[in-house]
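Below is the file input-v1.cif, which contains mmCIF, C-alpha atoms.
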data_run
#
loop_
_atom_site.label_atom_id
_atom_site.label_comp_id
_atom_site.auth_asym_id
_atom_site.auth_seq_id
_atom_site.Cartn_x
_atom_site.Cartn_y
_atom_site.Cartn_z
CA MET A 29 -10.93 -3.17 -17.80
CA LYS A 30 -10.64 -3.62 -14.06
CA ILE A 31 -7.88 -2.06 -11.94
CA SER A 32 -6.99 -2.81 -8.33
CA LEU A 33 -5.87 0.31 -6.43
CA SER A 34 -3.99 0.54 -3.17
CA ALA A 35 -2.07 3.08 -1.14
CA ASP A 36 -0.68 3.81 2.24
CA HIS A 37 -1.43 7.01 4.16
CA ALA A 38 1.22 8.94 2.21
CA GLY A 39 -0.41 8.01 -1.11
CA PHE A 40 -4.05 8.12 -0.06
CA ARG A 41 -4.86 11.47 -1.66
CA TYR A 42 -3.54 10.45 -5.10
CA LYS A 43 -5.24 7.05 -4.86
CA GLU A 44 -8.56 8.78 -4.33
CA LYS A 45 -7.94 11.10 -7.29
CA ILE A 46 -6.98 8.18 -9.53
CA LYS A 47 -10.00 6.19 -8.38
CA LYS A 48 -12.41 8.97 -9.33
CA TYR A 49 -10.61 9.72 -12.59
CA LEU A 50 -10.68 6.10 -13.75
CA ALA A 51 -14.25 5.50 -12.60
CA ASP A 52 -15.34 8.58 -14.55
CA LYS A 53 -13.75 6.95 -17.62
CA GLY A 54 -15.83 3.80 -17.05
CA ILE A 55 -13.00 1.68 -15.68
CA GLU A 56 -14.01 -0.70 -12.90
CA ILE A 57 -12.04 -0.23 -9.69
CA ILE A 58 -11.24 -2.53 -6.79
CA ASP A 59 -10.16 -0.30 -3.92
CA ARG A 60 -7.92 -2.23 -1.52
CA GLY A 61 -7.33 0.72 0.78
CA THR A 62 -6.14 2.44 2.77
CA PHE A 63 -9.20 4.53 3.34
CA SER A 64 -7.78 7.51 5.24
CA GLU A 65 -4.56 9.39 5.92
CA ASP A 66 -4.07 7.55 9.22
CA SER A 67 -0.64 5.91 9.35
CA VAL A 68 -0.58 2.34 7.97
CA ASP A 69 1.92 -0.10 6.47
CA TYR A 70 1.94 -0.14 2.65
CA PRO A 71 2.57 -3.92 2.27
CA ASP A 72 -0.79 -4.66 3.90
CA PHE A 73 -2.63 -2.95 1.05
CA VAL A 74 -0.31 -3.35 -1.93
CA GLN A 75 -0.17 -7.12 -1.50
CA LYS A 76 -3.95 -7.27 -1.91
CA SER A 77 -3.83 -5.33 -5.18
CA ALA A 78 -0.96 -7.43 -6.51
CA ALA A 79 -2.85 -10.60 -5.63
CA ASP A 80 -5.90 -9.29 -7.50
CA VAL A 81 -3.79 -9.03 -10.65
CA ILE A 82 -2.24 -12.47 -10.29
CA ASN A 83 -5.55 -14.12 -9.42
CA GLY A 84 -7.31 -12.52 -12.39
CA LYS A 85 -9.65 -10.37 -10.30
CA ALA A 86 -8.07 -7.29 -11.88
CA ASP A 87 -6.32 -6.70 -15.19
CA LEU A 88 -3.76 -4.31 -13.72
CA GLY A 89 -2.75 -2.80 -10.39
CA ILE A 90 -1.82 0.69 -9.29
CA GLY A 91 -0.31 1.56 -5.92
CA VAL A 92 0.71 4.88 -4.40
CA CYS A 93 2.91 5.74 -1.44
CA GLY A 94 5.06 8.72 -0.57
CA SER A 95 8.03 7.83 -2.77
CA GLY A 96 6.60 4.92 -4.75
CA ILE A 97 9.57 2.82 -3.66
CA GLY A 98 7.78 0.87 -0.94
CA VAL A 99 4.86 0.12 -3.25
CA SER A 100 7.25 -1.10 -5.96
CA ILE A 101 9.23 -3.34 -3.62
CA SER A 102 6.12 -4.77 -2.01
CA ALA A 103 4.30 -5.50 -5.27
CA ASN A 104 7.38 -7.08 -6.84
CA LYS A 105 7.48 -9.63 -4.01
CA VAL A 106 4.42 -11.27 -5.61
CA LYS A 107 5.44 -13.83 -8.25
CA GLY A 108 4.28 -12.69 -11.66
CA ILE A 109 4.04 -9.01 -10.81
CA ARG A 110 6.19 -6.62 -12.79
CA ALA A 111 5.77 -3.39 -10.86
CA ALA A 112 7.34 -0.28 -12.32
CA LEU A 113 8.09 2.82 -10.29
CA VAL A 114 7.12 5.56 -12.71
CA LEU A 115 7.69 9.30 -12.26
CA ASN A 116 6.81 10.64 -15.73
CA GLU A 117 5.06 9.82 -18.99
CA GLU A 118 8.17 8.47 -20.72
CA MET A 119 8.80 6.00 -17.91
CA ALA A 120 5.14 4.98 -18.04
CA SER A 121 5.41 4.25 -21.74
CA LEU A 122 8.70 2.37 -21.50
CA SER A 123 7.53 0.30 -18.55
CA ARG A 124 4.74 -1.08 -20.74
CA LYS A 125 6.54 -1.23 -24.12
CA HIS A 126 9.68 -2.92 -22.85
CA ASN A 127 8.78 -4.50 -19.51
CA ASN A 128 5.09 -5.32 -19.91
CA SER A 129 4.53 -3.93 -16.42
CA ASN A 130 1.28 -5.03 -14.84
CA PHE A 131 1.53 -2.89 -11.72
CA LEU A 132 2.12 0.87 -11.66
CA ALA A 133 3.92 2.22 -8.59
CA LEU A 134 3.45 5.96 -8.10
CA SER A 135 4.83 8.62 -5.78
CA GLN A 136 2.58 11.22 -4.22
CA LYS A 137 5.64 13.17 -3.10
CA PHE A 138 7.63 13.26 -6.35
CA ILE A 139 4.93 13.40 -9.04
CA ASP A 140 3.40 16.78 -9.70
CA GLU A 141 -0.38 16.53 -9.55
CA ASN A 142 -0.60 18.16 -12.99
CA HIS A 143 1.14 15.10 -14.51
CA LEU A 144 -0.60 12.37 -12.53
CA PHE A 145 -3.41 11.60 -14.96
CA ASN A 146 -1.14 11.86 -18.00
CA ILE A 147 1.13 9.23 -16.44
CA VAL A 148 -1.81 6.93 -15.70
CA ASP A 149 -3.30 7.43 -19.19
CA THR A 150 0.03 6.77 -20.88
CA TRP A 151 0.58 3.61 -18.86
CA LEU A 152 -2.89 2.28 -19.62
CA ALA A 153 -2.75 3.13 -23.34
CA THR A 154 0.70 1.73 -24.11
CA GLU A 155 0.98 -1.79 -25.51
CA PHE A 156 3.81 -4.25 -24.92
CA GLU A 157 6.11 -4.43 -27.96
CA GLY A 158 7.05 -8.08 -27.50
CA GLY A 159 9.91 -9.22 -29.74
CA ARG A 160 13.29 -8.98 -28.03
CA HIS A 161 11.57 -7.73 -24.91
CA GLN A 162 9.60 -10.97 -24.52
CA ARG A 163 12.87 -12.88 -24.14
CA ARG A 164 13.70 -10.67 -21.17
CA ILE A 165 10.25 -11.06 -19.62
CA ASP A 166 10.63 -14.83 -19.94
CA LYS A 167 13.93 -14.63 -18.06
CA LEU A 168 12.31 -12.55 -15.32
CA GLU A 169 9.61 -15.19 -14.92
CA GLN A 170 12.32 -17.80 -14.30
CA ILE A 171 13.72 -15.91 -11.31
#

Structure re-expressed in structure tokens:
Amino acid sequence: MKISLSADHAGFRYKEKIKKYLADKGIEIIDRGTFSEDSVDYPDFVQKSAADVINGKADLGIGVCGSGIGVSISANKVKGIRAALVLNEEMASLSRKHNNSNFLALSQKFIDENHLFNIVDTWLATEFEGGRHQRRIDKLEQI
């Protein structure tokens, strides 16, 4: 599996933690930045990760900003991306089961560090249920 990571300055610390955690699990990482806590604009980095997913360079994308909202909005601007702003394990599971999310938007400000890896693990381990949910995904793709 290959994951494209991105963050702005307000999500940099969590991005670095996720990068190390996933690499330690043998998951290949594409790090699209940012590479410090210096102020930057999240769309500049998130768009690169979203493009990696759409272009097949990465299987999935993960982005982090302060609230997760900017990452979610930015990633969802890319046709074919289904970014889910997730704040807990249940949301992570549902975003995959029901929405087949391919991009995880995370908040450094609103997610307790003790739950961060559980959220990522849940999101990565959960399979799309298909069935009635596929009909809805098909409708999303038509928008």

Pick from A:Gln136, A:Trp151, A:Asn146, A:Ser102 nearest to Ser121 (chain A), counting all atoms listed in the file: A:Trp151

Could you write out as a PDB file with C-alpha atoms, in the frame of the given file the residues that the PyMOL selection byres ((chain A and resi 110) around 8) matches in the shown file?
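Contents of out36.pdb, freshly written:
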ATOM      1  CA  ALA A 103       4.300  -5.500  -5.270  1.00  0.00           C
ATOM      2  CA  ASN A 104       7.380  -7.080  -6.840  1.00  0.00           C
ATOM      3  CA  GLY A 108       4.280 -12.690 -11.660  1.00  0.00           C
ATOM      4  CA  ILE A 109       4.040  -9.010 -10.810  1.00  0.00           C
ATOM      5  CA  ALA A 111       5.770  -3.390 -10.860  1.00  0.00           C
ATOM      6  CA  ALA A 112       7.340  -0.280 -12.320  1.00  0.00           C
ATOM      7  CA  ASN A 127       8.780  -4.500 -19.510  1.00  0.00           C
ATOM      8  CA  ASN A 128       5.090  -5.320 -19.910  1.00  0.00           C
ATOM      9  CA  SER A 129       4.530  -3.930 -16.420  1.00  0.00           C
ATOM     10  CA  ASN A 130       1.280  -5.030 -14.840  1.00  0.00           C
ATOM     11  CA  PHE A 131       1.530  -2.890 -11.720  1.00  0.00           C
TER      12      PHE A 131
END

Would you write out, as a VMD selection string, every residue that the PyMOL selection byres ((chain A and resi 98) around 10) captures in this file? chain A and resid 36 69 to 71 74 91 to 97 99 to 104 113 133 to 135

Region 161-169 of chain A: axis-aligned bounding box, 6 Å on each side, centre and edge lengths in Å, one decimal, as lines of an AutoDock Vina configuration file:
center_x = 11.8
center_y = -11.5
center_z = -19.9
size_x = 16.3
size_y = 19.5
size_z = 22.0

List the residues selected by the PyMOL selection byres ((chain A and resi 120) around 9) in the file shown, writing them as a PDB file with C-alpha atoms, in the frame of the given file.
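Writing the result to part_20.pdb gives the following:
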ATOM      1  CA  ALA A 112       7.340  -0.280 -12.320  1.00  0.00           C
ATOM      2  CA  LEU A 113       8.090   2.820 -10.290  1.00  0.00           C
ATOM      3  CA  VAL A 114       7.120   5.560 -12.710  1.00  0.00           C
ATOM      4  CA  LEU A 115       7.690   9.300 -12.260  1.00  0.00           C
ATOM      5  CA  ASN A 116       6.810  10.640 -15.730  1.00  0.00           C
ATOM      6  CA  GLU A 117       5.060   9.820 -18.990  1.00  0.00           C
ATOM      7  CA  GLU A 118       8.170   8.470 -20.720  1.00  0.00           C
ATOM      8  CA  MET A 119       8.800   6.000 -17.910  1.00  0.00           C
ATOM      9  CA  SER A 121       5.410   4.250 -21.740  1.00  0.00           C
ATOM     10  CA  LEU A 122       8.700   2.370 -21.500  1.00  0.00           C
ATOM     11  CA  SER A 123       7.530   0.300 -18.550  1.00  0.00           C
ATOM     12  CA  ARG A 124       4.740  -1.080 -20.740  1.00  0.00           C
ATOM     13  CA  LYS A 125       6.540  -1.230 -24.120  1.00  0.00           C
ATOM     14  CA  LEU A 132       2.120   0.870 -11.660  1.00  0.00           C
ATOM     15  CA  ILE A 147       1.130   9.230 -16.440  1.00  0.00           C
ATOM     16  CA  VAL A 148      -1.810   6.930 -15.700  1.00  0.00           C
ATOM     17  CA  ASP A 149      -3.300   7.430 -19.190  1.00  0.00           C
ATOM     18  CA  THR A 150       0.030   6.770 -20.880  1.00  0.00           C
ATOM     19  CA  TRP A 151       0.580   3.610 -18.860  1.00  0.00           C
ATOM     20  CA  LEU A 152      -2.890   2.280 -19.620  1.00  0.00           C
ATOM     21  CA  THR A 154       0.700   1.730 -24.110  1.00  0.00           C
TER      22      THR A 154
END

Would you list the contacts of region 60-67 of chain A as number ranges by chain, taking every protein, DNA or RNA residue within 8 Å and counting all atoms listed in the file, but skipping same-chain residues closer than 4 positions in sequence? A: 32-38, 40-41, 73-74, 76-77

Coordinates-based distance that separates CA of Ile46 (chain A) from CA of Ala153 (chain A) (Å, one decimal):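 Distance reported for this atom pair: 15.3 Å.
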
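CA of Gly84 (chain A) is positioned 19.0 Å from CA of Leu50 (chain A).
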
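CA of Ala86 (chain A) is found 14.5 Å from CA of Val106 (chain A).
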
Could you list, as number ranges by chain, every residue within 12 Å of Arg164 (chain A), counting only C-alpha atoms and ignoring same-chain residues fewer than 5 positions away? A: 110, 126-128, 157-159, 169-171

Those residues you just picked out, can you put them in a file as a compact mmCIF listing (two decimals), in the frame of the given file with C-alpha atoms?
# COMPACT_ATOMS: atom_id res chain seq x y z
CA ARG A 110 6.19 -6.62 -12.79
CA HIS A 126 9.68 -2.92 -22.85
CA ASN A 127 8.78 -4.50 -19.51
CA ASN A 128 5.09 -5.32 -19.91
CA GLU A 157 6.11 -4.43 -27.96
CA GLY A 158 7.05 -8.08 -27.50
CA GLY A 159 9.91 -9.22 -29.74
CA GLU A 169 9.61 -15.19 -14.92
CA GLN A 170 12.32 -17.80 -14.30
CA ILE A 171 13.72 -15.91 -11.31

Between A:Tyr49, A:Asn83, A:Gly39, A:Arg163, single out the one closest to Val68 (chain A), counting all atoms listed in the file. A:Gly39
